[in-house]
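Text of entry18.tsv, listed as TSV, C-alpha atoms:
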```
chain	number	residue	atom	x	y	z
A	905	GLU	CA	123.87	99.58	67.51
A	906	LYS	CA	123.81	96.34	69.52
A	907	ASN	CA	121.44	93.42	69.10
A	908	ASP	CA	121.23	90.55	71.52
A	909	THR	CA	118.92	87.82	72.75
A	910	ILE	CA	118.73	87.41	76.51
A	911	ALA	CA	117.68	84.17	78.19
A	912	THR	CA	116.40	84.77	81.72
A	913	ALA	CA	115.64	82.34	84.54
A	914	SER	CA	114.22	83.57	87.83
A	915	LEU	CA	113.04	82.23	91.15
A	916	ALA	CA	110.96	84.29	93.60
A	917	GLY	CA	109.24	83.75	96.92
A	918	THR	CA	107.15	85.68	99.46
A	919	LEU	CA	106.69	84.98	103.18
A	920	VAL	CA	104.05	86.82	105.21
A	921	GLU	CA	103.21	86.78	108.92
A	922	ASP	CA	100.24	89.00	109.79
A	923	GLN	CA	99.07	87.72	113.17
A	924	GLY	CA	100.35	88.35	116.67
A	925	PRO	CA	102.59	91.09	118.10
A	926	VAL	CA	105.33	90.34	115.57
A	927	THR	CA	104.35	90.77	111.92
A	928	GLY	CA	106.34	91.03	108.74
A	929	LYS	CA	106.80	90.34	105.06
A	930	LEU	CA	109.76	89.00	103.10
A	931	ASP	CA	110.05	89.15	99.30
A	932	ALA	CA	113.07	87.61	97.62
A	933	SER	CA	113.99	86.84	94.01
A	934	VAL	CA	117.04	85.87	92.00
A	935	ARG	CA	117.45	86.34	88.24
A	936	GLN	CA	120.03	84.78	85.94
A	937	LEU	CA	120.60	86.63	82.62
A	938	ASP	CA	122.46	84.93	79.77
A	939	TYR	CA	123.36	87.26	76.86
A	940	LEU	CA	123.33	84.71	74.01
A	941	ASP	CA	125.15	87.00	71.53
A	942	ASN	CA	127.79	87.93	74.15
A	943	SER	CA	127.21	91.69	74.17
A	944	PHE	CA	127.62	91.36	77.97
A	945	GLY	CA	128.70	88.59	80.27
A	946	ASP	CA	126.18	86.48	82.15
A	947	GLU	CA	124.75	88.23	85.20
A	948	THR	CA	122.94	87.17	88.38
A	949	TYR	CA	120.76	89.68	90.23
A	950	LEU	CA	119.38	89.31	93.75
A	951	LYS	CA	116.46	91.32	95.09
A	952	VAL	CA	115.29	91.21	98.72
A	953	GLY	CA	112.63	93.27	100.46
A	954	ALA	CA	111.92	92.79	104.17
A	955	GLU	CA	109.61	94.60	106.58
A	956	GLY	CA	108.94	93.73	110.21
A	957	GLN	CA	107.02	95.14	113.16
A	958	TRP	CA	107.07	94.28	116.85
A	959	GLU	CA	104.37	95.75	119.07
A	960	GLN	CA	106.32	95.65	122.32
A	961	ILE	CA	103.68	97.58	124.30
A	962	ARG	CA	100.14	97.43	122.94
A	963	ASN	CA	99.08	100.78	121.42
A	964	ARG	CA	102.16	102.43	122.97
A	965	LEU	CA	105.45	101.20	121.48
A	966	VAL	CA	106.06	99.63	118.07
A	967	TRP	CA	109.47	98.76	116.59
A	968	ASN	CA	109.85	98.83	112.80
A	969	VAL	CA	112.64	97.45	110.62
A	970	GLU	CA	112.86	97.71	106.81
A	971	ASN	CA	115.54	96.53	104.42
A	972	PHE	CA	115.55	96.62	100.62
A	973	TYR	CA	118.33	95.21	98.44
A	974	ASP	CA	117.96	95.84	94.70
A	975	GLN	CA	119.66	97.06	91.54
A	976	ILE	CA	119.18	100.62	90.27
A	977	SER	CA	120.42	102.47	87.19
A	978	GLN	CA	123.40	104.75	87.62
A	979	ASP	CA	121.92	106.76	84.75
A	980	THR	CA	118.12	106.44	84.91
A	981	LEU	CA	117.79	107.61	81.29
A	982	ALA	CA	120.04	104.88	79.86
A	983	ALA	CA	119.18	101.23	79.23
A	984	ASP	CA	119.28	98.78	82.14
A	985	VAL	CA	122.35	96.91	80.91
A	986	PRO	CA	124.93	95.44	83.34
A	987	SER	CA	127.36	98.34	82.90
A	988	ASN	CA	124.64	100.79	84.02
A	989	LEU	CA	123.36	98.87	87.05
A	990	GLU	CA	124.63	98.94	90.61
A	991	ASP	CA	123.60	97.04	93.73
A	992	THR	CA	122.03	99.17	96.43
A	993	ASN	CA	120.74	98.49	99.92
A	994	ALA	CA	118.48	100.63	102.11
A	995	PHE	CA	118.03	99.82	105.81
A	996	ARG	CA	115.94	101.62	108.41
A	997	LEU	CA	115.26	100.92	112.09
A	998	SER	CA	112.67	103.03	113.88
A	999	ALA	CA	110.34	103.04	116.85
A	1000	THR	CA	106.93	104.66	117.21
A	1001	ALA	CA	106.17	105.70	120.78
A	1002	THR	CA	102.64	106.96	121.48
A	1003	PHE	CA	101.80	108.92	124.64
A	1004	PRO	CA	98.12	109.82	125.25
A	1005	VAL	CA	98.29	113.15	127.09
A	1006	ALA	CA	94.57	113.84	127.45
A	1007	ASP	CA	91.28	112.68	125.96
A	1008	ARG	CA	91.95	114.47	122.68
A	1009	HIS	CA	95.72	115.04	122.80
A	1010	THR	CA	98.44	112.54	121.78
A	1011	LEU	CA	102.22	112.89	121.57
A	1012	ILE	CA	103.99	110.65	119.02
A	1013	LEU	CA	107.78	110.30	118.93
A	1014	VAL	CA	109.62	108.46	116.12
A	1015	PRO	CA	113.40	108.08	116.40
A	1016	GLU	CA	115.02	106.35	113.43
A	1017	PHE	CA	118.36	105.27	111.97
A	1018	SER	CA	118.94	104.62	108.24
A	1019	ASP	CA	121.90	103.26	106.31
A	1020	TYR	CA	122.23	103.39	102.50
A	1021	TYR	CA	124.76	101.50	100.37
A	1022	TYR	CA	125.55	102.09	96.68
A	1023	GLU	CA	127.94	99.71	94.93
A	1024	LYS	CA	129.50	102.13	92.41
A	1025	SER	CA	128.22	105.69	92.68
A	1026	GLY	CA	129.72	106.52	96.08
A	1027	ASN	CA	126.50	107.90	97.57
A	1028	ASP	CA	126.71	105.75	100.73
A	1029	ASN	CA	125.30	107.56	103.75
A	1030	GLN	CA	123.84	107.14	107.22
A	1031	GLN	CA	120.94	109.13	108.63
A	1032	LEU	CA	119.85	109.70	112.23
A	1033	GLY	CA	116.53	111.39	112.84
A	1034	LEU	CA	113.75	112.23	115.27
A	1035	SER	CA	110.15	113.19	114.51
A	1036	ALA	CA	107.73	114.60	117.07
A	1037	GLU	CA	103.99	115.00	116.44
A	1038	TRP	CA	101.40	116.59	118.70
A	1039	ALA	CA	97.98	115.38	117.52
A	1040	TYR	CA	94.73	116.97	118.61
A	1041	LEU	CA	91.37	115.40	117.77
A	1042	LEU	CA	89.15	118.37	116.97
A	1043	THR	CA	86.13	116.18	116.25
A	1044	GLN	CA	85.57	112.48	115.63
A	1045	THR	CA	86.41	113.07	111.95
A	1046	ILE	CA	89.03	115.88	112.03
A	1047	GLN	CA	92.54	115.72	113.45
A	1048	LEU	CA	95.04	118.58	113.71
A	1049	SER	CA	98.78	117.88	114.13
A	1050	LEU	CA	101.91	119.93	114.71
A	1051	ILE	CA	105.01	118.08	113.46
A	1052	GLY	CA	108.71	118.74	113.84
A	1053	ASP	CA	111.49	116.71	112.19
A	1054	PHE	CA	115.25	116.63	112.59
A	1055	ILE	CA	117.56	114.47	110.41
A	1056	GLU	CA	121.36	114.37	110.32
A	1057	VAL	CA	122.85	112.99	107.09
A	1058	ASP	CA	126.46	111.76	107.01
A	1059	HIS	CA	127.96	110.64	103.65
A	1060	ASP	CA	131.03	108.43	103.33
A	1061	GLN	CA	132.21	110.75	100.52
A	1062	ASP	CA	131.36	114.22	101.75
A	1063	LEU	CA	131.70	116.63	98.80
A	1064	VAL	CA	128.98	117.03	96.16
A	1065	THR	CA	131.29	119.36	94.26
A	1066	GLY	CA	134.12	121.74	95.14
A	1067	GLY	CA	133.26	123.69	98.29
A	1068	ILE	CA	129.81	122.11	98.75
A	1069	SER	CA	129.33	119.41	101.40
A	1070	ALA	CA	126.92	116.50	101.03
A	1071	ASP	CA	126.69	116.15	104.82
A	1072	HIS	CA	123.88	118.22	106.27
A	1073	GLU	CA	121.24	118.63	108.93
A	1074	ARG	CA	117.59	118.91	107.91
A	1075	HIS	CA	115.00	120.65	110.09
A	1076	SER	CA	111.33	120.97	109.24
A	1077	ALA	CA	108.13	122.11	110.93
A	1078	ARG	CA	104.65	121.40	109.58
A	1079	ILE	CA	100.99	121.65	110.45
A	1080	ARG	CA	98.71	118.85	109.22
A	1081	ILE	CA	94.96	118.42	109.02
A	1082	ARG	CA	93.25	115.09	108.42
A	1083	ALA	CA	89.53	114.86	107.79
A	1084	THR	CA	87.28	111.91	107.05
A	1085	ARG	CA	83.87	111.96	105.42
A	1086	PRO	CA	81.65	108.94	104.59
A	1087	ARG	CA	83.22	108.56	101.11
A	1088	THR	CA	86.13	111.00	101.14
A	1089	ARG	CA	89.37	111.37	103.08
A	1090	TYR	CA	91.50	114.54	103.11
A	1091	GLU	CA	95.03	115.23	104.27
A	1092	VAL	CA	96.66	118.65	104.00
A	1093	ASP	CA	99.97	119.78	105.46
A	1094	ALA	CA	102.10	122.88	105.08
A	1095	GLY	CA	105.40	123.91	106.57
A	1096	TYR	CA	108.99	124.93	106.11
A	1097	THR	CA	112.24	122.97	105.69
A	1098	GLU	CA	115.75	124.25	106.31
A	1099	ILE	CA	118.94	122.39	105.37
A	1100	ASP	CA	122.29	123.39	106.88
A	1101	ARG	CA	125.32	121.93	105.08
A	1102	ASP	CA	128.58	121.23	106.89
A	1103	LEU	CA	130.27	123.25	104.14
A	1104	GLY	CA	128.69	125.67	101.68
A	1105	PRO	CA	125.34	127.48	101.48
A	1106	GLY	CA	122.21	125.77	102.77
A	1107	VAL	CA	118.79	125.23	101.23
A	1108	ASP	CA	115.41	126.25	102.58
A	1109	GLY	CA	111.86	126.67	101.39
A	1110	GLU	CA	108.17	126.02	101.87
A	1111	VAL	CA	106.96	122.42	101.74
A	1112	GLY	CA	103.55	120.84	101.82
A	1113	SER	CA	101.11	118.37	100.36
A	1114	ILE	CA	97.44	117.73	99.75
A	1115	THR	CA	95.82	114.33	99.23
A	1116	ILE	CA	92.16	113.68	98.49
A	1117	GLU	CA	90.86	110.11	98.32
A	1118	HIS	CA	87.27	109.55	97.19
A	1119	ASP	CA	85.33	106.29	96.98
A	1120	PHE	CA	82.79	106.47	94.15
A	1121	THR	CA	81.47	103.03	95.11
A	1122	GLY	CA	82.71	100.20	97.23
A	1123	ARG	CA	84.77	99.09	94.23
A	1124	SER	CA	86.28	102.27	92.73
A	1125	THR	CA	88.57	104.92	94.23
A	1126	LEU	CA	90.06	108.17	92.93
A	1127	VAL	CA	93.16	109.65	94.60
A	1128	ALA	CA	94.49	113.15	93.83
A	1129	HIS	CA	97.84	114.14	95.29
A	1130	ALA	CA	100.16	117.15	95.03
A	1131	SER	CA	103.26	117.80	97.11
A	1132	SER	CA	106.53	119.68	97.36
A	1133	ASP	CA	109.34	118.42	99.57
A	1134	ILE	CA	113.05	119.01	100.14
A	1135	SER	CA	114.96	115.83	100.92
A	1136	ASP	CA	117.52	113.47	99.39
A	1137	THR	CA	117.30	110.67	96.81
A	1138	SER	CA	118.12	107.93	99.34
A	1139	ASP	CA	115.06	108.88	101.38
A	1140	ASN	CA	112.94	108.93	98.19
A	1141	PHE	CA	114.14	105.42	97.25
A	1142	LEU	CA	113.34	103.91	100.65
A	1143	SER	CA	109.97	105.64	100.94
A	1144	ALA	CA	108.89	104.37	97.50
A	1145	SER	CA	110.06	100.84	98.36
A	1146	VAL	CA	108.10	100.76	101.62
A	1147	ASP	CA	104.94	102.37	100.19
A	1148	PRO	CA	104.57	102.15	96.38
A	1149	THR	CA	101.54	104.46	96.53
A	1150	LEU	CA	103.99	107.30	97.19
A	1151	GLY	CA	105.22	106.92	93.60
A	1152	SER	CA	108.09	105.19	91.86
A	1153	SER	CA	111.74	106.04	92.40
A	1154	VAL	CA	112.72	104.71	88.93
A	1155	ASN	CA	112.80	108.22	87.41
A	1156	ILE	CA	114.74	109.78	90.31
A	1157	GLN	CA	118.46	110.07	89.57
A	1158	SER	CA	120.54	108.96	92.56
A	1159	SER	CA	122.79	111.68	93.96
A	1160	SER	CA	124.40	112.84	97.21
A	1161	ASP	CA	122.89	116.28	96.56
A	1162	VAL	CA	119.79	117.80	98.14
A	1163	VAL	CA	116.74	117.69	95.85
A	1164	THR	CA	113.42	119.53	95.75
A	1165	HIS	CA	110.78	116.97	94.79
A	1166	ASN	CA	107.54	118.35	93.30
A	1167	VAL	CA	104.82	115.95	92.17
A	1168	MET	CA	101.21	115.96	91.00
A	1169	ARG	CA	99.54	112.55	90.75
A	1170	LEU	CA	96.07	111.32	89.87
A	1171	THR	CA	95.16	107.63	90.20
A	1172	TYR	CA	91.94	105.71	89.63
A	1173	ASP	CA	91.39	102.08	90.66
A	1174	ARG	CA	88.38	99.85	90.13
A	1175	ASN	CA	88.14	96.36	91.58
A	1176	GLY	CA	85.21	94.39	90.21
A	1177	ASP	CA	84.46	90.70	90.43
A	1178	ILE	CA	85.43	90.14	86.78
A	1179	ILE	CA	87.17	93.36	85.67
A	1180	GLN	CA	89.85	95.30	87.55
A	1181	SER	CA	91.37	98.45	86.11
A	1182	SER	CA	93.71	101.29	87.07
A	1183	VAL	CA	94.93	104.54	85.52
A	1184	LYS	CA	97.73	106.85	86.70
A	1185	LEU	CA	98.76	110.33	85.57
A	1186	GLU	CA	101.87	111.88	87.12
A	1187	LEU	CA	103.91	115.04	86.68
A	1188	LEU	CA	107.26	115.01	88.47
A	1189	GLU	CA	109.78	117.85	88.79
A	1190	LEU	CA	113.20	117.28	90.37
A	1191	ASP	CA	115.34	120.31	91.18
A	1192	TYR	CA	118.81	119.38	92.47
A	1193	ASP	CA	120.56	122.09	94.44
A	1194	VAL	CA	124.04	121.71	92.91
A	1195	ALA	CA	124.24	118.60	90.71
A	1196	PRO	CA	123.30	119.18	87.01
A	1197	LEU	CA	120.49	116.60	87.10
A	1198	ASP	CA	117.30	118.71	87.01
A	1199	ARG	CA	114.48	117.06	85.07
A	1200	GLU	CA	110.75	116.94	84.48
A	1201	VAL	CA	108.92	113.63	84.03
A	1202	GLN	CA	105.44	113.12	82.61
A	1203	GLU	CA	103.96	109.65	82.99
A	1204	ILE	CA	100.69	107.97	82.07
A	1205	SER	CA	99.97	104.30	82.69
A	1206	ALA	CA	96.97	101.98	82.67
A	1207	ALA	CA	96.22	98.36	83.49
A	1208	LEU	CA	93.23	96.13	82.80
A	1209	THR	CA	92.60	92.69	84.27
A	1210	TYR	CA	89.76	90.48	83.01
A	1211	GLY	CA	88.60	87.16	84.42
A	1212	PHE	CA	87.62	85.05	81.41
A	1213	THR	CA	86.72	82.26	83.81
A	1214	PRO	CA	87.37	81.77	87.54
A	1215	ARG	CA	90.59	80.00	86.54
A	1216	ILE	CA	91.79	82.04	83.54
A	1217	ILE	CA	92.72	85.69	84.13
A	1218	GLY	CA	94.27	88.05	81.57
A	1219	THR	CA	96.05	91.37	82.18
A	1220	VAL	CA	97.19	94.15	79.83
A	1221	ASP	CA	99.48	97.00	80.99
A	1222	ALA	CA	100.66	100.09	79.11
A	1223	GLY	CA	102.84	103.04	80.08
A	1224	TYR	CA	104.27	106.14	78.40
A	1225	ILE	CA	106.96	108.34	79.97
A	1226	ILE	CA	108.45	111.62	78.71
A	1227	THR	CA	111.57	112.89	80.50
A	1228	ASP	CA	112.95	116.38	79.84
A	1229	GLU	CA	116.46	116.87	81.22
A	1230	ASP	CA	116.91	120.60	81.82
A	1231	THR	CA	120.71	120.86	82.03
A	1232	PHE	CA	121.46	119.24	78.66
A	1233	ASN	CA	118.12	120.10	77.02
A	1234	THR	CA	117.27	116.52	76.05
A	1235	GLU	CA	113.93	114.73	75.78
A	1236	ASP	CA	113.51	110.97	76.18
A	1237	LYS	CA	110.32	109.04	75.39
A	1238	GLU	CA	109.63	105.52	76.59
A	1239	PHE	CA	106.66	103.27	75.79
A	1240	ILE	CA	105.93	99.89	77.40
A	1241	LEU	CA	103.12	97.47	76.51
A	1242	SER	CA	102.68	94.03	78.06
A	1243	GLY	CA	100.09	91.29	78.29
A	1244	ARG	CA	99.92	88.09	80.31
A	1245	VAL	CA	97.55	85.25	81.13
A	1246	ARG	CA	97.39	83.39	84.45
A	1247	TYR	CA	95.85	79.94	84.75
A	1248	GLN	CA	94.86	78.91	88.29
A	1249	LEU	CA	95.27	75.13	88.43
A	1250	ASP	CA	94.04	74.94	92.03
A	1251	ARG	CA	94.03	77.12	95.18
A	1252	GLN	CA	97.81	76.89	95.51
A	1253	LEU	CA	99.25	76.31	92.02
A	1254	SER	CA	99.12	78.68	89.03
A	1255	THR	CA	100.99	79.27	85.77
A	1256	THR	CA	101.62	82.53	83.91
A	1257	ALA	CA	102.73	83.36	80.36
A	1258	GLY	CA	103.12	86.76	78.72
A	1259	LEU	CA	104.70	89.11	76.20
A	1260	GLN	CA	106.16	92.62	76.65
A	1261	PHE	CA	107.39	95.26	74.21
A	1262	ALA	CA	109.41	98.35	75.21
A	1263	ASN	CA	110.65	101.21	73.04
A	1264	LYS	CA	112.76	104.22	73.99
A	1265	ASP	CA	113.90	107.22	71.89
A	1266	SER	CA	116.15	110.15	72.81
A	1267	ASP	CA	116.29	113.28	70.65
A	1268	ALA	CA	119.89	114.12	71.60
A	1269	VAL	CA	121.54	110.91	72.82
A	1270	PRO	CA	120.97	108.10	70.27
A	1271	ASP	CA	122.75	105.51	72.46
A	1272	ARG	CA	119.87	105.73	74.94
A	1273	GLY	CA	117.36	104.41	72.39
A	1274	TYR	CA	116.37	100.75	72.20
A	1275	ASP	CA	113.64	98.26	71.26
A	1276	GLU	CA	113.02	95.27	73.50
A	1277	TRP	CA	110.77	92.22	73.26
A	1278	ARG	CA	110.24	89.88	76.21
A	1279	ILE	CA	108.54	86.49	76.28
A	1280	PHE	CA	108.09	84.99	79.73
A	1281	ALA	CA	106.44	82.05	81.50
A	1282	GLY	CA	106.32	81.02	85.13
A	1283	VAL	CA	104.85	78.75	87.78
A	1284	ALA	CA	103.75	79.88	91.25
A	1285	TYR	CA	102.91	77.77	94.28
A	1286	ARG	CA	101.38	79.11	97.49
A	1287	PHE	CA	102.03	77.48	100.87
A	1288	GLY	CA	100.06	77.93	104.08
A	1289	ARG	CA	96.86	79.95	104.44
```
Would you kindly transcribe this structure into structure tokens?
Amino acid sequence: EKNDTIATASLAGTLVEDQGPVTGKLDASVRQLDYLDNSFGDETYLKVGAEGQWEQIRNRLVWNVENFYDQISQDTLAADVPSNLEDTNAFRLSATATFPVADRHTLILVPEFSDYYYEKSGNDNQQLGLSAEWAYLLTQTIQLSLIGDFIEVDHDQDLVTGGISADHERHSARIRIRATRPRTRYEVDAGYTEIDRDLGPGVDGEVGSITIEHDFTGRSTLVAHASSDISDTSDNFLSASVDPTLGSSVNIQSSSDVVTHNVMRLTYDRNGDIIQSSVKLELLELDYDVAPLDREVQEISAALTYGFTPRIIGTVDAGYIITDEDTFNTEDKEFILSGRVRYQLDRQLSTTAGLQFANKDSDAVPDRGYDEWRIFAGVAYRFGR
């Protein structure tokens, strides 16, 4: 058992440009960790997230660039200590070309290139892909699309295991229906994905998803989502970084293997003038083709924000995660509870203070268990608009 007190100093900033043909967002932070009881050496962590868009031809051609530099756990079930963390970077360059063919028909082509770097695990890879979508507007509220995707994945270290190649080509074909009602939006797609490895047997299967979003009032929204997809963990990491509503990648173990990703998610958000709240329920199943990393994750989380006054705002968050690892028949349970108060000094300056408790238990691997208390305080200043 190890006990330590960690002193942390951090600096973060956000830059946003949302007007004109070139738009983008940059988030950057740096953290300095000092282990006062010397269980680990001092560490400095950098995190950068950048997204940019250039509308070269209005409503016809848009260039997109995304880059995310962060630290992830080599073993997602172990504690986030320096020996378990590795730097990772995900980069993607793509273009969206839109060709109106007729009044109700549109062709959309999306070529893209991605590059993924992992400091220690050796899962570095590059991906080259092309997506083609033929969209047909059945009515003003219903759209039907036929979609085809091709992605070539090339790993720096090719073998997942003896005789099985990590390099592969992924082909998929799907049909998608989008429908919009006054308070409800639907999206359903179904198709088939086939993966051909450079060496060893391939993977194929049915894929699809259904998403229903319903507005109870102008302030509250319920979203139900279920999907099954065959992809790779690098793609999952980048997708979750770009769009957090797709789910977190924290519980997805990084690997060069192909993974079948099944998820059911229910979220509820309410944004009132004084009270804001959210609840999320998620069931996640990860089935790796070769690597012994299969797992099931059950997660429930909730957050409540209350405005005591226009200047004083309090927030409480709680989360509970159960992870069952199939290969080694282990079960891990993690509980997190935090609270914080923000004081808005003026339109641009605010201060925050809070407390967080985290507890984790593992029924088969005692070294994974820990208790953690965090006390934090910060100052934020907003420039510009």
Item to check | Option closest in space to A:Glu1200, from A:Thr1227, A:Ser1158, A:Asn1029, A:Ser1254 [counting all atoms listed in the file] | outcome: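 The closest residue to A:Glu1200 is A:Thr1227.
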Next on the checklist: Around the point (114.5, 89.2, 99.4) (coordinates from the file), which residues reach within 8 Å if we count all atoms listed in the file? Answer as a list in words.
Outcome noted: Gly917, Leu930, Asp931, Ala932, Ser933, Leu950, Lys951, Val952, Gly953, Ala954, Phe972 and Tyr973 of chain A
Next on the checklist: Need to verify the contact set: A:Leu1241, 8 Å, only C-alpha atoms, exclusion of same-chain residues closer than 5 positions in sequence. Can you return it as a list in words?
Outcome noted: Val1220, Asp1221, Ala1222, Gly1223, Gln1260, Phe1261 and Ala1262 of chain A
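Of the residues listed (A:Glu1203, A:Glu1091, A:Glu947, A:Asp1108), A:Glu1091 shows the shortest atom-to-atom separation from A:Leu1048; distances use all atoms listed in the file.
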Next on the checklist: Please determine, counting all atoms listed in the file, which residue among A:Asp1275, A:Asp1177, A:Glu1235, A:Asp908 has the shortest atom-to-atom distance to A:Gly1211.
Outcome noted: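 So, comparing all the options, the nearest one is A:Asp1177.
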Item to check | Polymer residues at most 12 Å from (119.4, 89.2, 88.9) by only C-alpha atoms, as a ChimeraX atom specification | outcome: /A:911-916,932-938,946-952,973-976,984-986,989-991
Item to check | Spatial neighbours of A:Gly956, 10 Å, all atoms listed in the file, chain gap at least 2 places, as number ranges by chain | outcome: A: 920-922, 926-930, 954, 958, 967-971, 997
